[in-house]
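K.L.:
I have a structure I would like to understand better, so I am pasting it below and will then ask my questions one at a time.
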Amino acid sequence: MPKPVVITADSSADLPPGLRAECGIHFLPLHIRVEDKAGLDCVDIFPQEIWDAFRARGALPKTAAPSLAEYQEFFAGFTQAGADVVHISLCNQFSSCHSVACLAAQEMNAGAQGEVHVVDSMNFCTGSGMLCMQGAKLRDEGLGAAEIARRLCALREKVRAVYFLDGITFLSKSGRCPSIVAMCATLFNIHPAVTIEGATGAIVVGKKYRGKSAAAAESWLRDSIRKFLDTCDPSLCFFMHTPEMPPEQYEPMNRIAAKELQGVGRLIMDTVGCTVVSHVGGNCYALVGMEK
């Protein structure tokens with residue numbers, strides 16, 4: 001009789017708690033530090049605290065992968081109960097999460113417990129979350145852990161995640177882009193669209209929207225939805241936003257998404273967690289689907 005399979009991920013995958021509970025997906029939280037406060041992603045530290053500290057004092061957060069011991073304890077909670085684990089990690093190019101998870105899996109697989117298979121999502125945010133959802137679907141179809149991991153390595157190239165950044169000041173202050181680029185983006189009201197290449201994990205800057213943030217975001221959303229409807233599987237789509245926005249800002253965008261994507265089997269609209277906010281700041285959106 002095959003072993004039961006558990007789907008896990010680090011918390012950067014940004015699936016809402018209710019959806020994780022519904023689909024049986026388990027998260028291991030990353031570590032976050034905001035000024036003098038340290039804790040776990042969306043357990044002790046929440047995105048609003050990150051944004052408030054940056055806006056008030058220019059304070060930048062720091063993120064860190066769980067330790068080897070934390071991964072081992074997390075995996076053992078499932079393997080000791082007789083299950084195999086498929087773990088979807090944050091892209092190896094962005095974090096040490098993948099390498100630490102792999103090391104923990106290697107050490108655990110040397111014993112007599114259940115096996116742990118680690119898959120590099122080649123993505124972040126809900127792009128990784130979408131891969132978790134595919135893993136849960138394959139699990140429910142009765143596939144074993146090794147086969148699920150193999151299929152996810154192929155499916156990750158089909159994840160289509162596009163992000164709207166209100167600006168790149170946050171990235172500049174964290175050293176992730178030159179300050180002169182951020183200054184020009186601010187001066188000319190430039191709002192870049194960013195995608196992640198599923199085959200390599202490379203960040204690709206796409207169309208650059210100009211003008212006021214709300215109008216630029218709406219143009220980005222309509223453009224992105226048109227591409228989504230042409231290329232993506234209509235069974236599942238995510239439309240996410242950073243959580244510091246007031247309702248009057250995100251609700252018009254949600255209405256557009258709901259209207260234009262009314263043919264989608266399931267449209268999930270929610271907020272992202274600390275990892276994305278730590279890297280891009282606020283006023284950002286993500287549209288995520290799977291290529292047909």
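Identifiers for the structure tokens are assigned positionally: chains receive A, B, ... in sequence, residues are indexed from 1 per chain, and ligands are indexed from 1 in the order shown.
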Write out as JSON, numbers by chain the set of residues from stretch 47-220 of chain A that DSSP, computed on the backbone, places in alpha helix (DSSP H).
P.N.:
{"A": [47, 48, 49, 50, 51, 52, 53, 54, 55, 56, 57, 68, 69, 70, 71, 72, 73, 74, 75, 76, 77, 78, 79, 97, 98, 99, 100, 101, 102, 103, 104, 105, 106, 107, 108, 109, 125, 126, 127, 128, 129, 130, 131, 132, 133, 134, 135, 136, 137, 138, 139, 140, 145, 146, 147, 148, 149, 150, 151, 152, 153, 154, 155, 169, 170, 171, 172, 173, 179, 180, 181, 182, 183, 184, 185, 186, 187, 213, 214, 215, 216, 217, 218, 219, 220]}
K.L.:
What lies within 7 Å of A:Cys232 using only C-alpha atoms, ignoring chain neighbours under 5 positions off, as JSON, numbers by chain?
P.N.:
{"A": [289, 290, 291, 292]}
K.L.:
Write the selection just made, keeping C-alpha atoms, as an mmCIF file, in the first residue's frame?
P.N.:
```
data_model
loop_
_atom_site.group_PDB
_atom_site.id
_atom_site.type_symbol
_atom_site.label_atom_id
_atom_site.label_comp_id
_atom_site.auth_asym_id
_atom_site.auth_seq_id
_atom_site.Cartn_x
_atom_site.Cartn_y
_atom_site.Cartn_z
ATOM 1 C CA GLY A 289 -2.147 31.058 -13.645
ATOM 2 C CA MET A 290 -0.976 27.860 -15.333
ATOM 3 C CA GLU A 291 -0.282 27.643 -19.061
ATOM 4 C CA LYS A 292 -2.588 25.248 -20.910
#
```
K.L.:
What's around A:Val272 at 10 Å? Count only C-alpha atoms, leave out sequence neighbours fewer than 5 positions away in its own chain, and write the answer as a ChimeraX atom specification.
P.N.:
/A:12-16,42,47,125-126,239-243,277,284-286
K.L.:
Have a look at atom CA of A:Val288 and atom CA of A:Gly18 and let me know their distance in Å, one decimal.
P.N.:
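Going from atom CA of A:Val288 over to atom CA of A:Gly18, I get 18.3 Å.
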K.L.:
Excluding A:Asp223 and its own-chain neighbours fewer than 6 positions away, which residues fall within 12 Å of it when counting only C-alpha atoms? Please give them as a PyMOL selection string.
P.N.:
chain A and resi 162-164+193+206-209+216-217+229-230+256-257+260+287
K.L.:
Nearest residue to A:Asp120 out of A:Gln72, A:Pro29, A:Ala9, A:Lys62, using only C-alpha atoms?
P.N.:
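Closest residue, counting only C-alpha atoms: A:Ala9.
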K.L.:
I'd like the contact shell of A:Cys153 - 8 Å cut-off, only C-alpha atoms, skipping same-chain residues fewer than 3 positions apart - returned as a PyMOL selection string.
P.N.:
chain A and resi 119-121+149-150+156-157
K.L.:
Can you spit out the residues from that selection as a short mmCIF file (atom, residue, chain, number, x, y, z; two decimals), in the first residue's frame, using C-alpha atoms?
P.N.:
```cif
data_model
loop_
_atom_site.label_atom_id
_atom_site.label_comp_id
_atom_site.auth_asym_id
_atom_site.auth_seq_id
_atom_site.Cartn_x
_atom_site.Cartn_y
_atom_site.Cartn_z
CA VAL A 119 11.25 20.70 -5.64
CA ASP A 120 12.68 24.10 -6.57
CA SER A 121 9.61 26.11 -7.61
CA ALA A 149 8.01 15.67 -7.53
CA ARG A 150 8.98 14.58 -11.05
CA ARG A 156 6.92 24.64 -13.03
CA GLU A 157 7.76 25.82 -16.55
#
```
K.L.:
Please provide as a PyMOL selection string all residues within 12 Å of A:Asp36, with the sequence filter that same-chain residues fewer than 6 positions apart are discarded (counting only C-alpha atoms).
P.N.:
chain A and resi 45+49-50+53+59-62
K.L.:
Go ahead and write the residues just picked, N, CA and C atoms, as a PDB file, in the first residue's frame.
P.N.:
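Saved to result-v5.pdb:
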```pdb
ATOM      1  N   ILE A  45       5.446  38.273  12.907  1.00  0.00           N
ATOM      2  CA  ILE A  45       5.629  39.497  12.125  1.00  0.00           C
ATOM      3  C   ILE A  45       4.651  39.465  10.952  1.00  0.00           C
ATOM      4  N   GLU A  49       3.441  45.612   9.475  1.00  0.00           N
ATOM      5  CA  GLU A  49       4.545  46.112  10.300  1.00  0.00           C
ATOM      6  C   GLU A  49       5.750  46.467   9.440  1.00  0.00           C
ATOM      7  N   ILE A  50       6.013  45.660   8.421  1.00  0.00           N
ATOM      8  CA  ILE A  50       7.136  45.924   7.525  1.00  0.00           C
ATOM      9  C   ILE A  50       6.923  47.230   6.786  1.00  0.00           C
ATOM     10  N   ALA A  53       7.096  50.386   9.133  1.00  0.00           N
ATOM     11  CA  ALA A  53       8.459  50.735   9.543  1.00  0.00           C
ATOM     12  C   ALA A  53       9.224  51.389   8.404  1.00  0.00           C
ATOM     13  N   ALA A  59      13.102  52.031   7.502  1.00  0.00           N
ATOM     14  CA  ALA A  59      13.693  50.786   8.002  1.00  0.00           C
ATOM     15  C   ALA A  59      13.380  49.639   7.055  1.00  0.00           C
ATOM     16  N   LEU A  60      14.400  48.869   6.729  1.00  0.00           N
ATOM     17  CA  LEU A  60      14.234  47.738   5.827  1.00  0.00           C
ATOM     18  C   LEU A  60      14.210  46.429   6.602  1.00  0.00           C
ATOM     19  N   PRO A  61      13.347  45.504   6.213  1.00  0.00           N
ATOM     20  CA  PRO A  61      13.297  44.207   6.874  1.00  0.00           C
ATOM     21  C   PRO A  61      14.426  43.303   6.400  1.00  0.00           C
ATOM     22  N   LYS A  62      14.657  42.251   7.142  1.00  0.00           N
ATOM     23  CA  LYS A  62      15.592  41.204   6.733  1.00  0.00           C
ATOM     24  C   LYS A  62      14.868  39.872   6.816  1.00  0.00           C
TER      25      LYS A  62
END
```
K.L.:
By how many Å are atom CA of A:Glu218 and atom CA of A:Ser235 apart?
P.N.:
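Taking atom CA of A:Glu218 as the start and atom CA of A:Ser235 as the end point, the length is 23.1 Å.
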K.L.:
Could you check the closest approach to A:Gly135 for each of A:Leu267, A:Val118, A:Cys237, A:Ile88 and tell me which residue wins, using only C-alpha atoms?
P.N.:
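Distance minimum relative to A:Gly135 lands on A:Ile88.
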K.L.:
Per DSSP on the backbone, what are the strand (DSSP E or B) residues of stretch 10-159 of chain A, as an NGL selection string?
P.N.:
:A and (10 or 25-28 or 31-34 or 37-41 or 45 or 62-64 or 84-89 or 116-120 or 159)
K.L.:
Between atom CA of A:Ile32 and atom CA of A:Thr275, what is the distance, to one decimal in Å?
P.N.:
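Computed distance, atom CA of A:Ile32 to atom CA of A:Thr275, equals 8.1 Å.
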K.L.:
Pick out the closest residue to A:Ile268 from this set: A:Pro247, A:Gly129, A:Gly282, A:Gly144. Count only C-alpha atoms.
P.N.:
A:Gly129
